[in-house]
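What follows is the content of my_file.cif (mmCIF, C-alpha atoms).
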```cif
data_run
#
loop_
_atom_site.label_atom_id
_atom_site.label_comp_id
_atom_site.auth_asym_id
_atom_site.auth_seq_id
_atom_site.Cartn_x
_atom_site.Cartn_y
_atom_site.Cartn_z
CA MET A 1 -12.55 -1.60 35.45
CA SER A 2 -13.47 -5.15 36.13
CA GLU A 3 -16.54 -6.61 34.50
CA HIS A 4 -19.21 -5.78 37.05
CA ALA A 5 -22.00 -7.54 35.32
CA PRO A 6 -25.08 -6.65 37.34
CA ASP A 7 -26.72 -9.82 36.22
CA GLY A 8 -24.25 -12.62 36.72
CA ARG A 9 -25.03 -15.86 34.97
CA ARG A 10 -28.56 -16.90 35.46
CA GLY A 11 -30.59 -19.74 34.14
CA THR A 12 -31.98 -19.44 30.67
CA GLY A 13 -35.11 -21.50 31.11
CA PRO A 14 -38.25 -19.64 30.14
CA SER A 15 -40.29 -21.12 32.95
CA ALA A 16 -40.01 -22.76 36.32
CA PRO A 17 -39.38 -26.49 36.14
CA GLY A 18 -42.43 -28.64 36.58
CA GLU A 19 -44.82 -25.96 35.45
CA PRO A 20 -47.73 -27.88 33.97
CA GLY A 21 -49.44 -25.46 31.60
CA PRO A 22 -48.19 -23.98 28.37
CA ARG A 23 -45.14 -21.81 28.89
CA ARG A 24 -44.89 -18.16 28.05
CA THR A 25 -44.01 -17.66 24.40
CA GLY A 26 -42.39 -14.29 25.06
CA ASP A 27 -39.57 -15.36 27.41
CA GLY A 28 -36.04 -16.54 26.84
CA PHE A 29 -35.51 -17.58 23.26
CA GLY A 30 -39.05 -16.37 22.60
CA ARG A 31 -37.89 -12.82 23.21
CA VAL A 32 -35.45 -13.17 20.32
CA LEU A 33 -38.26 -14.49 18.18
CA VAL A 34 -40.52 -11.61 19.19
CA ALA A 35 -37.68 -9.18 18.43
CA VAL A 36 -37.11 -10.56 14.94
CA TYR A 37 -40.86 -10.62 14.29
CA GLY A 38 -41.01 -7.05 15.54
CA ILE A 39 -38.27 -5.98 13.14
CA PHE A 40 -40.16 -7.59 10.28
CA ALA A 41 -43.44 -6.07 11.41
CA LEU A 42 -41.75 -2.66 11.38
CA ALA A 43 -39.96 -3.25 8.05
CA ALA A 44 -43.02 -4.70 6.30
CA SER A 45 -45.34 -1.98 7.65
CA ALA A 46 -43.01 0.81 6.60
CA ARG A 47 -42.54 -0.73 3.18
CA ALA A 48 -46.26 -1.39 2.65
CA GLY A 49 -47.11 2.11 3.87
CA VAL A 50 -44.81 3.76 1.36
CA GLN A 51 -45.95 1.47 -1.46
CA LEU A 52 -49.67 1.86 -0.77
CA VAL A 53 -49.60 5.62 -0.32
CA ARG A 54 -47.31 6.45 -3.21
CA ASP A 55 -47.66 3.94 -6.02
CA TRP A 56 -50.58 1.63 -5.37
CA HIS A 57 -51.52 1.55 -9.06
CA GLU A 58 -48.22 0.18 -10.25
CA ALA A 59 -48.75 -3.25 -8.75
CA PRO A 60 -51.97 -3.65 -6.74
CA LEU A 61 -51.48 -7.39 -6.12
CA ALA A 62 -47.88 -7.14 -4.93
CA TYR A 63 -48.58 -4.12 -2.76
CA GLY A 64 -51.75 -5.65 -1.36
CA LEU A 65 -49.70 -8.68 -0.38
CA SER A 66 -47.08 -6.40 1.19
CA ALA A 67 -49.82 -4.90 3.35
CA LEU A 68 -51.14 -8.37 4.23
CA ALA A 69 -47.62 -9.50 5.17
CA ALA A 70 -47.24 -6.43 7.37
CA VAL A 71 -50.50 -7.18 9.20
CA VAL A 72 -49.52 -10.83 9.67
CA TYR A 73 -46.14 -9.87 11.14
CA VAL A 74 -47.70 -7.33 13.50
CA VAL A 75 -50.31 -9.84 14.72
CA ALA A 76 -47.70 -12.59 15.13
CA THR A 77 -45.40 -10.24 17.07
CA VAL A 78 -48.10 -9.19 19.51
CA ALA A 79 -49.49 -12.73 19.91
CA LEU A 80 -46.06 -14.26 20.51
CA ALA A 81 -45.21 -11.55 23.02
CA ARG A 82 -48.43 -12.20 24.96
CA GLY A 83 -48.77 -15.98 24.71
CA GLY A 84 -48.52 -17.85 27.96
CA PRO A 85 -50.39 -19.67 30.69
CA GLY A 86 -54.01 -18.64 30.62
CA ARG A 87 -53.44 -16.78 27.38
CA VAL A 88 -55.12 -19.35 25.19
CA VAL A 89 -56.37 -16.78 22.71
CA ALA A 90 -52.96 -15.16 22.20
CA ARG A 91 -51.43 -18.59 21.63
CA ARG A 92 -54.13 -19.57 19.16
CA VAL A 93 -53.77 -16.27 17.31
CA ALA A 94 -50.02 -16.86 17.17
CA TRP A 95 -50.56 -20.32 15.63
CA VAL A 96 -52.87 -18.87 12.99
CA ALA A 97 -50.66 -15.85 12.22
CA VAL A 98 -47.48 -17.90 11.89
CA GLY A 99 -49.39 -20.50 9.84
CA VAL A 100 -50.68 -17.80 7.48
CA GLU A 101 -47.17 -16.43 7.28
CA LEU A 102 -45.80 -19.86 6.28
CA VAL A 103 -48.47 -20.36 3.62
CA GLY A 104 -47.93 -16.80 2.41
CA VAL A 105 -44.18 -17.02 2.00
CA LEU A 106 -44.41 -20.42 0.29
CA ALA A 107 -47.27 -19.41 -2.02
CA VAL A 108 -45.94 -15.95 -2.93
CA GLY A 109 -42.39 -17.30 -3.21
CA ALA A 110 -43.49 -20.05 -5.61
CA LEU A 111 -45.82 -17.76 -7.58
CA SER A 112 -43.21 -15.05 -7.97
CA LEU A 113 -40.86 -17.59 -9.53
CA VAL A 114 -43.49 -19.29 -11.71
CA ASP A 115 -45.28 -16.13 -12.83
CA PRO A 116 -43.01 -13.09 -12.37
CA GLU A 117 -45.48 -11.00 -14.42
CA ALA A 118 -47.93 -11.08 -11.52
CA PHE A 119 -45.34 -9.51 -9.21
CA PRO A 120 -43.70 -6.65 -11.11
CA ARG A 121 -42.72 -5.14 -7.77
CA ALA A 122 -41.01 -6.95 -4.94
CA THR A 123 -42.76 -7.87 -1.70
CA VAL A 124 -41.31 -9.21 1.52
CA TRP A 125 -42.25 -12.71 0.41
CA SER A 126 -41.09 -12.55 -3.23
CA ASP A 127 -38.57 -15.25 -4.21
CA PHE A 128 -39.05 -16.79 -0.75
CA GLY A 129 -37.76 -13.60 0.89
CA SER A 130 -34.41 -13.57 -0.91
CA GLY A 131 -34.31 -9.78 -0.54
CA TYR A 132 -34.21 -10.26 3.23
CA GLY A 133 -31.64 -13.03 3.40
CA TYR A 134 -34.38 -15.72 3.31
CA VAL A 135 -35.23 -14.83 6.90
CA PRO A 136 -38.96 -14.59 5.94
CA LEU A 137 -38.78 -18.24 4.82
CA VAL A 138 -37.03 -19.54 7.94
CA LEU A 139 -38.98 -17.41 10.45
CA PRO A 140 -42.36 -19.21 10.28
CA PHE A 141 -40.69 -22.61 10.77
CA VAL A 142 -38.88 -21.28 13.83
CA GLY A 143 -42.15 -19.72 15.03
CA LEU A 144 -44.10 -22.97 14.68
CA TRP A 145 -41.29 -24.90 16.35
CA TRP A 146 -41.28 -22.45 19.29
CA LEU A 147 -45.07 -22.60 19.69
CA TRP A 148 -44.83 -26.39 19.68
CA ARG A 149 -41.92 -26.32 22.15
CA THR A 150 -43.80 -24.12 24.60
CA ARG A 151 -47.13 -25.92 24.28
CA ALA A 152 -48.93 -27.39 27.24
CA ALA A 153 -48.04 -30.81 28.53
CA PRO A 154 -50.13 -33.52 26.82
CA ASP A 155 -52.34 -33.96 29.90
CA SER A 156 -53.45 -30.33 29.76
CA SER A 157 -56.49 -29.50 27.70
CA LEU A 158 -55.45 -25.88 27.26
CA GLY A 159 -52.99 -26.29 24.43
CA PRO A 160 -54.00 -26.49 20.81
CA ALA A 161 -53.39 -29.67 18.91
CA PRO A 162 -49.87 -29.58 17.51
CA ASP A 163 -49.85 -28.72 13.84
CA PRO A 164 -48.57 -31.33 11.43
CA ALA A 165 -44.82 -31.12 11.36
CA PRO A 166 -43.58 -28.66 8.74
CA ASP A 167 -41.83 -30.27 5.80
CA PRO A 168 -38.09 -29.87 6.51
CA GLU A 169 -37.33 -29.90 2.79
CA GLU A 170 -39.17 -26.62 2.37
CA ALA A 171 -36.80 -24.89 4.73
CA ALA A 172 -33.68 -26.08 3.00
CA MET B 1 -24.51 10.31 1.77
CA VAL B 2 -21.31 10.73 3.70
CA LEU B 3 -19.34 7.51 3.36
CA PRO B 4 -16.91 7.90 6.30
CA LEU B 5 -19.77 8.53 8.72
CA LEU B 6 -21.64 5.52 7.34
CA LEU B 7 -18.57 3.30 7.71
CA VAL B 8 -18.10 4.43 11.33
CA VAL B 9 -21.74 3.57 12.14
CA VAL B 10 -21.46 0.15 10.48
CA ALA B 11 -18.11 -0.54 12.19
CA VAL B 12 -19.48 0.31 15.65
CA CYS B 13 -22.53 -1.87 14.92
CA VAL B 14 -20.27 -4.78 14.01
CA VAL B 15 -18.21 -4.29 17.17
CA LEU B 16 -21.36 -4.17 19.32
CA ALA B 17 -22.76 -7.27 17.61
CA ALA B 18 -19.47 -9.15 18.16
CA TRP B 19 -19.43 -8.07 21.81
CA ALA B 20 -22.99 -9.30 22.24
CA VAL B 21 -22.15 -12.63 20.57
CA VAL B 22 -19.28 -13.08 23.04
CA PHE B 23 -21.82 -12.55 25.82
CA VAL B 24 -24.14 -15.11 24.23
CA VAL B 25 -21.32 -17.67 24.25
CA GLN B 26 -20.54 -16.79 27.89
CA ASP B 27 -24.22 -17.13 28.80
CA ARG B 28 -24.50 -13.57 30.05
CA ALA B 29 -27.13 -10.88 29.75
CA VAL B 30 -26.58 -7.44 28.24
CA VAL B 31 -24.68 -5.02 30.50
CA LEU B 32 -25.08 -1.26 30.73
CA ARG B 33 -21.83 -0.50 28.93
CA GLN B 34 -23.13 -2.21 25.81
CA LEU B 35 -26.19 0.00 25.96
CA TRP B 36 -23.92 3.06 26.10
CA VAL B 37 -22.34 1.87 22.85
CA ALA B 38 -25.84 1.44 21.43
CA ALA B 39 -26.65 5.00 22.54
CA GLY B 40 -23.50 6.13 20.73
CA ILE B 41 -24.74 4.48 17.55
CA GLU B 42 -28.07 6.24 17.96
CA ALA B 43 -26.26 9.58 18.31
CA LEU B 44 -24.23 8.85 15.17
CA VAL B 45 -27.40 8.03 13.24
CA VAL B 46 -28.96 11.32 14.39
CA VAL B 47 -25.81 13.18 13.28
CA GLN B 48 -26.09 11.35 9.96
CA MET B 49 -29.71 12.45 9.60
CA ILE B 50 -28.75 16.08 10.29
CA VAL B 51 -25.95 15.89 7.70
CA LEU B 52 -28.32 14.32 5.14
CA GLY B 53 -30.95 16.93 5.93
CA VAL B 54 -28.45 19.72 5.27
CA LEU B 55 -27.24 18.01 2.10
CA GLY B 56 -30.83 17.57 0.93
CA ALA B 57 -31.65 21.22 1.65
CA THR B 58 -28.60 22.44 -0.28
CA GLY B 59 -29.26 20.58 -3.47
CA THR B 60 -27.85 17.05 -3.37
CA ALA B 61 -31.19 15.40 -2.66
CA PRO B 62 -31.63 11.64 -2.99
CA SER B 63 -33.81 10.34 -5.80
CA ASP B 64 -36.22 8.73 -3.35
CA PRO B 65 -36.27 10.83 -0.16
CA VAL B 66 -39.41 9.17 1.29
CA LEU B 67 -37.82 5.72 1.20
CA LEU B 68 -34.49 6.99 2.52
CA TRP B 69 -36.04 8.80 5.48
CA GLY B 70 -38.28 5.82 6.13
CA TYR B 71 -35.18 3.67 6.52
CA LEU B 72 -33.36 6.22 8.68
CA VAL B 73 -36.30 6.74 11.04
CA THR B 74 -36.84 2.97 11.26
CA THR B 75 -33.16 2.57 12.12
CA LEU B 76 -33.62 4.80 15.18
CA PHE B 77 -36.20 2.43 16.71
CA ILE B 78 -34.19 -0.80 16.56
CA LEU B 79 -31.59 -0.32 19.31
CA PRO B 80 -33.92 1.32 21.88
CA ALA B 81 -36.20 -1.71 21.47
CA ALA B 82 -33.22 -4.00 22.12
CA ALA B 83 -32.41 -1.91 25.22
CA VAL B 84 -35.94 -2.42 26.55
CA TRP B 85 -35.45 -6.17 26.02
CA ALA B 86 -32.13 -6.00 27.83
CA PHE B 87 -33.89 -4.77 30.96
CA ALA B 88 -36.84 -7.15 30.65
CA GLU B 89 -34.91 -10.33 29.87
CA ARG B 90 -31.96 -10.79 32.19
CA THR B 91 -30.64 -13.89 30.42
CA ARG B 92 -28.29 -14.58 27.52
CA TRP B 93 -31.22 -14.10 25.17
CA SER B 94 -31.05 -10.34 25.63
CA SER B 95 -27.53 -10.56 24.21
CA VAL B 96 -28.89 -12.44 21.19
CA VAL B 97 -31.48 -9.70 20.71
CA LEU B 98 -28.80 -7.00 20.96
CA ALA B 99 -26.62 -8.81 18.41
CA VAL B 100 -29.58 -9.13 16.01
CA ALA B 101 -30.46 -5.46 16.54
CA ALA B 102 -26.89 -4.28 15.85
CA VAL B 103 -26.70 -6.36 12.65
CA THR B 104 -30.11 -5.00 11.60
CA VAL B 105 -28.95 -1.40 12.05
CA ALA B 106 -25.84 -2.14 9.97
CA PHE B 107 -28.06 -3.68 7.28
CA LEU B 108 -30.44 -0.70 7.29
CA GLU B 109 -27.46 1.66 6.96
CA TRP B 110 -26.27 -0.29 3.95
CA ARG B 111 -29.75 -0.11 2.41
CA ALA B 112 -29.87 3.64 3.07
CA TRP B 113 -26.54 3.95 1.26
CA GLN B 114 -27.98 2.05 -1.71
CA ILE B 115 -31.07 4.29 -1.80
CA TRP B 116 -28.98 7.46 -1.56
CA ASN B 117 -26.91 6.35 -4.53
CA ALA B 118 -29.83 5.00 -6.56
#
```
Please lay out the structure from this file as structure tokens.
Amino acid sequence: MSEHAPDGRRGTGPSAPGEPGPRRTGDGFGRVLVAVYGIFALAASARAGVQLVRDWHEAPLAYGLSALAAVVYVVATVALARGGPGRVVARRVAWVAVGVELVGVLAVGALSLVDPEAFPRATVWSDFGSGYGYVPLVLPFVGLWWLWRTRAAPDSSLGPAPDPAPDPEEAA
Amino acid sequence: MVLPLLLVVVAVCVVLAAWAVVFVVQDRAVVLRQLWVAAGIEALVVVQMIVLGVLGATGTAPSDPVLLWGYLVTTLFILPAAAVWAFAERTRWSSVVLAVAAVTVAFLEWRAWQIWNA
């Protein structure tokens, strides 16, 4: 029973060298990112679904935000999976979704600490995602970094302007 | 919830995750034998659901069955998704995805245990 790996050891680069345009956001490391986003899309959707259907009145703000988080994760997952050369829209949508996600986790995380009364029930983003091992806090930074990594070469007009660099202190 | 069965599922998940991490280090993609282990985990989760269904029907129902079954059904989707990735991405990154998926299933099992005992 020797290790007959059908794959061997292949290159890990997400695109051919010298490719001018923006690279696909759903290949290589991007696939891991899409997978983690997919897990969060699933988890947040399931959670929001249960909360909204069963006990919406207990905490409308928190549950509304849970639903918003779910939508953001779903959109980011799909956009990241589809982003690539000629997929300007998908890439732009991914920038916006991941940006909203970053703002959301920072705002809800800060608010839930400052004013816990407003969030009597937990959301994915409460306490900066401490209930999920702080993955919700780290994920948008990784997402923005990946979108920036796979952007078009500077001479191409297809890519969006790189966002201002995220504050590294926030991620610590 | 049956603790021995849960521990077996978590243990196999940890083994699969460790195996996948070894493959990440070796720069290799997921191989079919790892997917057989993943299929085994899926089968164990289905057995677990049957056992819980029987337990629920005979009286020892969890306090929050909707949440519990939500977690269990969600658990079933994780590894098949990783398997799809394994076929689509023939690089080391499929091994990373499989490792993440296995850890996620273990985490969801732990959460299900918490909900059952809540």
Counting only C-alpha atoms, which residues of chain B sit at most 12 Å from some atom of chain A, and what is each one's closest atom pair with its distance in Å to one decimal, listed by chain and rising residue number, as JSON lines?
```
{"residue": "B:Phe23", "atom": "CA", "partner": "A:Arg9", "partner_atom": "CA", "distance": 10.2}
{"residue": "B:Val24", "atom": "CA", "partner": "A:Arg9", "partner_atom": "CA", "distance": 10.8}
{"residue": "B:Val25", "atom": "CA", "partner": "A:Arg9", "partner_atom": "CA", "distance": 11.5}
{"residue": "B:Gln26", "atom": "CA", "partner": "A:Arg9", "partner_atom": "CA", "distance": 8.4}
{"residue": "B:Asp27", "atom": "CA", "partner": "A:Arg9", "partner_atom": "CA", "distance": 6.4}
{"residue": "B:Arg28", "atom": "CA", "partner": "A:Arg9", "partner_atom": "CA", "distance": 5.5}
{"residue": "B:Ala29", "atom": "CA", "partner": "A:Asp7", "partner_atom": "CA", "distance": 6.6}
{"residue": "B:Val30", "atom": "CA", "partner": "A:Asp7", "partner_atom": "CA", "distance": 8.3}
{"residue": "B:Val31", "atom": "CA", "partner": "A:Ala5", "partner_atom": "CA", "distance": 6.1}
{"residue": "B:Leu32", "atom": "CA", "partner": "A:Ala5", "partner_atom": "CA", "distance": 8.4}
{"residue": "B:Arg33", "atom": "CA", "partner": "A:Ala5", "partner_atom": "CA", "distance": 9.5}
{"residue": "B:Gln34", "atom": "CA", "partner": "A:Ala5", "partner_atom": "CA", "distance": 11.0}
{"residue": "B:Asp64", "atom": "CA", "partner": "A:Val50", "partner_atom": "CA", "distance": 11.0}
{"residue": "B:Pro65", "atom": "CA", "partner": "A:Val50", "partner_atom": "CA", "distance": 11.2}
{"residue": "B:Val66", "atom": "CA", "partner": "A:Val50", "partner_atom": "CA", "distance": 7.6}
{"residue": "B:Leu67", "atom": "CA", "partner": "A:Val50", "partner_atom": "CA", "distance": 7.3}
{"residue": "B:Leu68", "atom": "CA", "partner": "A:Val50", "partner_atom": "CA", "distance": 10.9}
{"residue": "B:Trp69", "atom": "CA", "partner": "A:Ala46", "partner_atom": "CA", "distance": 10.7}
{"residue": "B:Gly70", "atom": "CA", "partner": "A:Ala46", "partner_atom": "CA", "distance": 6.9}
{"residue": "B:Tyr71", "atom": "CA", "partner": "A:Ala46", "partner_atom": "CA", "distance": 8.3}
{"residue": "B:Leu72", "atom": "CA", "partner": "A:Ala46", "partner_atom": "CA", "distance": 11.3}
{"residue": "B:Val73", "atom": "CA", "partner": "A:Ala46", "partner_atom": "CA", "distance": 10.0}
{"residue": "B:Thr74", "atom": "CA", "partner": "A:Leu42", "partner_atom": "CA", "distance": 7.5}
{"residue": "B:Thr75", "atom": "CA", "partner": "A:Ala43", "partner_atom": "CA", "distance": 9.8}
{"residue": "B:Leu76", "atom": "CA", "partner": "A:Leu42", "partner_atom": "CA", "distance": 11.7}
{"residue": "B:Phe77", "atom": "CA", "partner": "A:Leu42", "partner_atom": "CA", "distance": 9.2}
{"residue": "B:Ile78", "atom": "CA", "partner": "A:Ile39", "partner_atom": "CA", "distance": 7.4}
{"residue": "B:Leu79", "atom": "CA", "partner": "A:Ile39", "partner_atom": "CA", "distance": 10.7}
{"residue": "B:Pro80", "atom": "CA", "partner": "A:Ala35", "partner_atom": "CA", "distance": 11.7}
{"residue": "B:Ala81", "atom": "CA", "partner": "A:Ala35", "partner_atom": "CA", "distance": 8.2}
{"residue": "B:Ala82", "atom": "CA", "partner": "A:Ala35", "partner_atom": "CA", "distance": 7.8}
{"residue": "B:Ala83", "atom": "CA", "partner": "A:Ala35", "partner_atom": "CA", "distance": 11.3}
{"residue": "B:Val84", "atom": "CA", "partner": "A:Ala35", "partner_atom": "CA", "distance": 10.7}
{"residue": "B:Trp85", "atom": "CA", "partner": "A:Arg31", "partner_atom": "CA", "distance": 7.6}
{"residue": "B:Ala86", "atom": "CA", "partner": "A:Arg31", "partner_atom": "CA", "distance": 10.1}
{"residue": "B:Phe87", "atom": "CA", "partner": "A:Asp7", "partner_atom": "CA", "distance": 10.2}
{"residue": "B:Ala88", "atom": "CA", "partner": "A:Asp27", "partner_atom": "CA", "distance": 9.2}
{"residue": "B:Glu89", "atom": "CA", "partner": "A:Gly28", "partner_atom": "CA", "distance": 7.0}
{"residue": "B:Arg90", "atom": "CA", "partner": "A:Asp7", "partner_atom": "CA", "distance": 6.7}
{"residue": "B:Thr91", "atom": "CA", "partner": "A:Thr12", "partner_atom": "CA", "distance": 5.7}
{"residue": "B:Arg92", "atom": "CA", "partner": "A:Thr12", "partner_atom": "CA", "distance": 6.9}
{"residue": "B:Trp93", "atom": "CA", "partner": "A:Gly28", "partner_atom": "CA", "distance": 5.7}
{"residue": "B:Ser94", "atom": "CA", "partner": "A:Val32", "partner_atom": "CA", "distance": 7.5}
{"residue": "B:Ser95", "atom": "CA", "partner": "A:Val32", "partner_atom": "CA", "distance": 9.2}
{"residue": "B:Val96", "atom": "CA", "partner": "A:Val32", "partner_atom": "CA", "distance": 6.7}
{"residue": "B:Val97", "atom": "CA", "partner": "A:Val32", "partner_atom": "CA", "distance": 5.3}
{"residue": "B:Leu98", "atom": "CA", "partner": "A:Val32", "partner_atom": "CA", "distance": 9.1}
{"residue": "B:Ala99", "atom": "CA", "partner": "A:Val32", "partner_atom": "CA", "distance": 10.0}
{"residue": "B:Val100", "atom": "CA", "partner": "A:Val36", "partner_atom": "CA", "distance": 7.7}
{"residue": "B:Ala101", "atom": "CA", "partner": "A:Ala35", "partner_atom": "CA", "distance": 8.3}
{"residue": "B:Ala102", "atom": "CA", "partner": "A:Ile39", "partner_atom": "CA", "distance": 11.8}
{"residue": "B:Val103", "atom": "CA", "partner": "A:Val36", "partner_atom": "CA", "distance": 11.5}
{"residue": "B:Thr104", "atom": "CA", "partner": "A:Ile39", "partner_atom": "CA", "distance": 8.4}
{"residue": "B:Val105", "atom": "CA", "partner": "A:Ile39", "partner_atom": "CA", "distance": 10.4}
{"residue": "B:Phe107", "atom": "CA", "partner": "A:Tyr132", "partner_atom": "CA", "distance": 9.9}
{"residue": "B:Leu108", "atom": "CA", "partner": "A:Ala43", "partner_atom": "CA", "distance": 9.9}
{"residue": "B:Arg111", "atom": "CA", "partner": "A:Gly131", "partner_atom": "CA", "distance": 11.1}
```
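From CA of Ser130 in chain A back to CA of Leu144 in chain A, the distance works out to 20.6 Å.
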Query raised in the report: By how many Å are CA of Leu61 in chain A and CA of Thr77 in chain A apart?
Result: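 Going from CA of Leu61 in chain A over to CA of Thr77 in chain A, I get 24.1 Å.
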Query raised in the report: Of the residues A:Leu80, A:Ala118, A:Leu102, A:Val96, which is the one nearest to Tyr37 in chain A, using only C-alpha atoms?
Result: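 Distance minimum relative to Tyr37 in chain A lands on A:Leu80.
The nearest approach to Trp113 in chain B among the residues B:Glu42, B:Gln48, B:Trp36, B:Gly53, with only C-alpha atoms taken into account, belongs to B:Gln48.
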